[in-house]
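Notes for the one structure printed next.
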Amino acid sequence: MTWATLGELAELVAARLVGSAETVVSSALPLQDAGPDSITIVDRALHLDRFNASPAVAGVATQVLKDCAKPLLIVPSIHDAFPKIIERLRPIQYQLSTATGRGVSSTASVHPSASVGCGTTILQGCSVAENVTIGSNCVLHANVHVMEGCSLGDGCTLYPNTTLYPGTIVGQRVLMHASVTIGAFGFGYRLQDGQHVRTSQLGWVEIGDDVEIGVGTTVDRGTYGPTRIGTGTKIDNQVQIGHNCHIGRHNLICAQVGIAGSSSTGDYVVLAGQVGVADHIRIQDRVQVAGQSGVMQDLPADAVVLGTPARPNKRALQEISLISRLPDMRQDLRGLQRELEELKQRLAAHSNSRYEAA
Amino acid sequence: MTWATLGELAELVAARLVGSAETVVSSALPLQDAGPDSITIVDRALHLDRFNASPAVAGVATQVLKDCAKPLLIVPSIHDAFPKIIERLRPIQYQLSTATGRGVSSTASVHPSASVGCGTTILQGCSVAENVTIGSNCVLHANVHVMEGCSLGDGCTLYPNTTLYPGTIVGQRVLMHASVTIGAFGFGYRLQDGQHVRTSQLGWVEIGDDVEIGVGTTVDRGTYGPTRIGTGTKIDNQVQIGHNCHIGRHNLICAQVGIAGSSSTGDYVVLAGQVGVADHIRIQDRVQVAGQSGVMQDLPADAVVLGTPARPNKRALQEISLISRLPDMRQDLRGLQRELEELKQRLAAHSNSRYEAA
Amino acid sequence: MTWATLGELAELVAARLVGSAETVVSSALPLQDAGPDSITIVDRALHLDRFNASPAVAGVATQVLKDCAKPLLIVPSIHDAFPKIIERLRPIQYQLSTATGRGVSSTASVHPSASVGCGTTILQGCSVAENVTIGSNCVLHANVHVMEGCSLGDGCTLYPNTTLYPGTIVGQRVLMHASVTIGAFGFGYRLQDGQHVRTSQLGWVEIGDDVEIGVGTTVDRGTYGPTRIGTGTKIDNQVQIGHNCHIGRHNLICAQVGIAGSSSTGDYVVLAGQVGVADHIRIQDRVQVAGQSGVMQDLPADAVVLGTPARPNKRALQEISLISRLPDMRQDLRGLQRELEELKQRLAAHSNSRYEAA
């Protein structure tokens with residue numbers, strides 16, 4: 001077991017130590033997982049009670065916390081410091097890219113016409129087809145299939161079971177997690193004599209530099225031209241991007257989002273989990289769409305939207321709040337109906353009495 | 001073709017036979033699939049008409065059914081009896097784990113530092129990396145990839161194309177279906193100079209005993225500590241569980257559910273299909289969430305919720321019902337406005353007449 | 001680089017040429033991707049401004065367009081003509097099925113009891129288990145796993161990493177994209193002594209002729225009988241179809257749809273993206289369900305529905321429109337309450353004045 005004193009850790013991360021330098025820790029874990037040998041994170045004063053009640057023996061914080069019962073390392077950035085502490089205490093952390101530099105596995109199949117850059121590793125069971133170009137210092141984990149005519153830039157990492165259909169173009173430093181599939185057919189059919197006949201699949205997919213793509217995500221090839229993913233865009237797990245879409249740069253597309261064919265996004269767009277975007281929609285720069293929303297019309301730059309159909313956040317929240325008051329509204333409505341009826345009767349009686357009086 | 005008389009089948013499942021013991025059947029199929037050689041299921045008196053109208057020649061039921069035109073086997077539990085009948089009539093049913101005991105395929109790659117228990121089968125194309133531990137009597141179907149430092153308990157079954165990222169810890173008797181991916185990176189980035197920079201991926205995934213995980217499901221590794229799936233929890237196909245989540249014991253998580261980072265569930269929680277759970281949400285024991293709901297705040301034990309945002313079932317149903325009455329409410333509102341206007345005019349006219357009278 | 005004159009292309013696609021036959025193009029791309037060497041598509045008069053403003057040098061249209069500044073090829077069907085032009089200009093288009101006729105890879109494993117038709121290609125890393133039958137002229141791309149007792153008709157194409165569980169029956173000319181999984185266990189459990197115990201998995205999956213299935217889609221095996229996908233049905237990426245479902249013929253099921261167990265659809269049903277269908281639902285012929293809807297009750301033939309719960313389109317749109325007017329309705333309600341109050345006071349004052357007058 002690896003352990004360290006708080007004094008050592010304070011020195012390691014250039015922290016101000018509040019409490020005993022002799023305190024020993026042997027694990028670094030978040031609050032919910034911390035044990036009696038742990039140093040943990042106290043990232044908000046709000047969490048102080050939970051920290052005091054937890055078995056953790058020490059914490060990392062960005063400020064001295066009043067009423068804190070345990071030693072603290074005070075640092076400018078927890079997320080700079082804590083990883084260093086973890087690496088000190090878990091030295092055998094498996095590097096997530098240790099595969100680099102192992103060359104081409106004897107069980108991989110690389111077509112003679114393919115070009116593979118230096119320093120690139122191709123692991124067990126991979127296939128690299130005709131006229132493929134792969135840059136230098138890439139890692140193709142086990143069973144990655146790169147079909148005819150694809151090209152990958154330098155420094156790409158493809159996790160197991162990823163498939164690139166023919167003609168896919170990938171930039172530099174692109175990361176694809178397990179079971180990603182790029183370039184399968186778009187979902188386009190025309191009805192002919194009662195049969196759905198597949199439309200053309202003559203396009204391809206083009207992925208910019210520094211894109212990251214989560215597990216099981218699918219990006220379909222264009223009909224005649226490219227489906228594009230812009231530079232710096234990050235895509236989470238199980239996302240579906242339809243044919244002919246043009247996704248902009250530096251988007252964040254969260255898990256289980258679905259974007260139908262021929263839609264586009266600008267730069268720095270954020271789509272939260274399970275969002276659906278209809279086909280032929282244009283979403284401008286910096287739009288933010290809340291989870292599970294359904295985007296059914298074009299969205300202007302900087303829009304913040306929510307709901308199905310997606311509408312401005314403030315408006316949608318007001319509507320949600322009013323829906324929750326519908327029972328009251330209905331009661332008010334009935335109350336009004338009753339009162340109005342009474343009033344009419346009073347008025348009628350009143351008129352009668354006048355006539356009688358007259 | 002295999003066949004049996006009802007007399008034989010009655011004996012096989014210890015049933016009370018109503019009708020001729022000499023009736024011959026050669027298939028056992030549900031009502032919707034039954035043919036003229038079939039024994040089928042009549043699990044509710046409700047289905048009697050469909051049974052009588054179907055080509056099936058006999059049924060299995062839990063009680064004698066009045067007006068039933070065909071022979072019946074009466075048993076205490078259809079779901080105990082019917083599988084036995086199927087096994088009698090389809091003797092070549094492929095055992096779904098026939099692979100056990102075949103040893104390690106010559107096309108699998110097992111690192112010398114890995115430890116593999118006795119009776120464990122590792123099929124074609126699998127890779128088992130450095131410092132992996134696999135228990136006894138496991139089956140790794142074709143092309144399963146177990147990356148560095150993972151450990152699996154005894155009696156686990158992993159179907160084809162499943163990938164465990166480095167450091168994944170799996171309990172005993174865990175079942176993972178095809179294309180499951182455990183331990184890929186969490187979707188965490190911070191914006192720095194206009195680029196999304198990936199946050200730490202120093203955690204891992206820990207899966208309890210008797211967990212079952214459906215096809216294509218993804219569970220992301222924690223940031224610093226574990227993402228946990230509790231003992232006995234069953235997860236359906238295409239589910240996404242984010243980084244740092246702690247899923248409790250004996251949950252049922254249906255297909256296409258997405259749970260964002262750092263959320264937790266208690267024990268015996270049920271999330272129906274396509275539910276979304278926001279990040280940092282706490283769902284207590286025995287909560288039930290209806291299909292497609294979006295959970296946006298913490299839920300107390302035994303809550304039964306529905307809708308987006310998820311709210312108590314009864315309340316949500318009332319709101320849905322009131323939304324469907326909105327056209328009526330609007331009409332009532334307009335009616336009231338008209339009547340009030342009339343009333344005001346009458347009152348004005350009335351006052352005038354008084355003044356005139358005066 | 002390959003190039004052609006408009007004169008040549010007009011001849012190739014039997015087009016009427018409006019403009020100079022000498023114009024040279026070297027790429028054929030959609031409007032959004034067209035460059036200064038491109039011929040593009042002007043499929044609606046609506047797009048004429050974009051076409052004139054684009055760098056494209058020529059267009060393909062179905063009619064002469066007034067005010068069009070560039071040469072046009074006029075054809076009866078753009079989608080017949082444009083693919084031919086692409087094929088002329090990109091002659092090295094990778095045929096998406098070039099694999100045909102390559103035989104069985106030495107790294108594939110085919111069980112001696114399996115039967116493989118002539119002209120069938122089985123690529124690297126595939127496994128074909130006991131008693132499997134595969135027709136003629138099929139292509140099994142890399143790492144396809146066909147488990148015990150499956151049968152495939154003629155002319156099927158299975159893309160990489162697809163898995164067929166034991167007993168799956170596939171018709172002719174079926175196309176499955178990468179990472180499809182057919183026949184995994186249904187999500188059925190019964191609670192027994194606090195544990196979820198898996199119900200029977202004795203059924204199978206049966207897929208009709210000419211079915212196409214998108215990347216990552218999952219179809220679960222029936223409990224006792226078949227889960228069925230009807231002839232001619234097309235299924236997009238990341239769709240989940242539960243155990244015992246009977247999907248009709250010529251359906252279009254878009255990406256990320258989930259259909260719970262034992263539901264059925266008629267023929268020519270369309271389910272748009274992210275639709276959810278509850279269990280035991282019957283959807284009749286030609287029903288159309290809008291994106292993200294949740295179907296919670298049976299739907300009659302020709303229904304067009306929307307929303308969760310899914311209800312007739314017209315009704316749902318009216319409700320959505322009324323929800324957006326809820327703020328107004330609430331204001332109207334309050335206005336009415338105020339006016340009624342005033343009226344009551346006026347009436348009271350009025351009565352008093354009468355009494356005083358009296």
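Ordered as shown in the structure tokens, chains take letters A, B, and onward, while each chain numbers its residues from 1 and ligands are numbered from 1 in the order shown.
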
**Item:** Spatial neighbours of Ser179 of chain A, max dist 6 Å, only C-alpha atoms, sep filter under 3 positions, as a list in words
**Value:** Asn161, Thr162, Val215 and Gly216 of chain A

**Request:** List the neighbours of segment 247-259 of chain B out to 9 Å using only C-alpha atoms; skip same-chain residues closer than 4 positions along the sequence, and give me the result as number ranges by chain.
**Result:** A: 255-256, 273-274; B: 208, 211, 214, 217, 227-242, 263-279, 285-286, 291-292; C: 187, 194-196, 240, 242, 256-258, 260

**Request:** Going by DSSP on the backbone, which bits of segment 102-278 of chain B are strand (DSSP E)? Write them as an MDAnalysis selection string, please.
**Result:** chainID B and resid 109:110 115:116 121:122 127:128 133:134 139:140 145:146 151:152 157:158 163:164 169:170 175:176 181:184 189:192 195:198 204:207 212:213 218:220 226:229 234:235 240:241 246:247 252:253 258:259 264:265 270:271 276:277

**Asked** Once you count only C-alpha atoms, which residues of chain C turn out to be within 7 Å of chain B? Could you give them as a VMD selection string?
**Response** chain C and resid 125 148 161 166 181 184 187 195 to 196 200 224 to 225 319 322 336

Using N, CA, C and O atoms, can you write the selected residues to a file as an mmCIF file, in the first residue's frame?
```cif
data_model
loop_
_atom_site.group_PDB
_atom_site.id
_atom_site.type_symbol
_atom_site.label_atom_id
_atom_site.label_comp_id
_atom_site.auth_asym_id
_atom_site.auth_seq_id
_atom_site.Cartn_x
_atom_site.Cartn_y
_atom_site.Cartn_z
ATOM 1 N N GLY C 125 -11.962 -12.501 -38.507
ATOM 2 C CA GLY C 125 -12.407 -12.530 -37.125
ATOM 3 C C GLY C 125 -13.850 -12.930 -36.907
ATOM 4 O O GLY C 125 -14.313 -12.924 -35.768
ATOM 5 N N GLU C 148 -25.104 -20.191 -32.282
ATOM 6 C CA GLU C 148 -25.658 -21.500 -32.591
ATOM 7 C C GLU C 148 -27.055 -21.455 -33.232
ATOM 8 O O GLU C 148 -27.939 -20.751 -32.768
ATOM 9 N N ASN C 161 -18.891 -6.226 -36.343
ATOM 10 C CA ASN C 161 -19.251 -6.289 -34.925
ATOM 11 C C ASN C 161 -20.722 -6.578 -34.674
ATOM 12 O O ASN C 161 -21.221 -6.319 -33.579
ATOM 13 N N PRO C 166 -28.140 -17.088 -30.384
ATOM 14 C CA PRO C 166 -28.605 -18.394 -30.871
ATOM 15 C C PRO C 166 -30.051 -18.388 -31.364
ATOM 16 O O PRO C 166 -30.927 -17.782 -30.762
ATOM 17 N N THR C 181 -27.207 -5.959 -32.630
ATOM 18 C CA THR C 181 -27.293 -7.186 -31.828
ATOM 19 C C THR C 181 -28.721 -7.703 -31.838
ATOM 20 O O THR C 181 -29.641 -7.013 -31.397
ATOM 21 N N ALA C 184 -30.636 -10.880 -28.044
ATOM 22 C CA ALA C 184 -30.219 -10.889 -26.635
ATOM 23 C C ALA C 184 -31.468 -11.042 -25.757
ATOM 24 O O ALA C 184 -32.598 -10.996 -26.249
ATOM 25 N N PHE C 187 -35.954 -8.050 -21.257
ATOM 26 C CA PHE C 187 -35.785 -7.489 -19.911
ATOM 27 C C PHE C 187 -36.999 -7.880 -19.076
ATOM 28 O O PHE C 187 -37.933 -7.103 -18.879
ATOM 29 N N GLN C 195 -34.863 -10.650 -4.678
ATOM 30 C CA GLN C 195 -33.963 -10.671 -5.833
ATOM 31 C C GLN C 195 -34.792 -10.615 -7.118
ATOM 32 O O GLN C 195 -35.860 -11.212 -7.185
ATOM 33 N N HIS C 196 -34.253 -9.957 -8.137
ATOM 34 C CA HIS C 196 -34.895 -10.018 -9.447
ATOM 35 C C HIS C 196 -34.402 -11.269 -10.172
ATOM 36 O O HIS C 196 -33.212 -11.391 -10.462
ATOM 37 N N SER C 200 -38.014 -16.655 -18.400
ATOM 38 C CA SER C 200 -37.539 -17.536 -19.476
ATOM 39 C C SER C 200 -37.044 -16.752 -20.687
ATOM 40 O O SER C 200 -37.541 -15.668 -20.977
ATOM 41 N N TYR C 224 -41.122 -17.009 -25.125
ATOM 42 C CA TYR C 224 -41.390 -18.397 -25.508
ATOM 43 C C TYR C 224 -41.410 -18.562 -27.020
ATOM 44 O O TYR C 224 -41.156 -19.636 -27.535
ATOM 45 N N GLY C 225 -41.790 -17.506 -27.735
ATOM 46 C CA GLY C 225 -41.898 -17.564 -29.189
ATOM 47 C C GLY C 225 -41.042 -16.487 -29.831
ATOM 48 O O GLY C 225 -40.084 -16.004 -29.243
ATOM 49 N N GLU C 319 -53.449 21.884 -28.122
ATOM 50 C CA GLU C 319 -53.077 21.949 -26.711
ATOM 51 C C GLU C 319 -51.745 22.678 -26.521
ATOM 52 O O GLU C 319 -51.591 23.482 -25.608
ATOM 53 N N LEU C 322 -52.379 26.247 -26.871
ATOM 54 C CA LEU C 322 -53.065 26.804 -25.699
ATOM 55 C C LEU C 322 -52.110 26.922 -24.509
ATOM 56 O O LEU C 322 -52.206 27.866 -23.729
ATOM 57 N N LEU C 336 -61.044 39.056 -15.077
ATOM 58 C CA LEU C 336 -62.444 38.722 -14.827
ATOM 59 C C LEU C 336 -62.765 38.797 -13.339
ATOM 60 O O LEU C 336 -63.824 39.300 -12.946
#
```
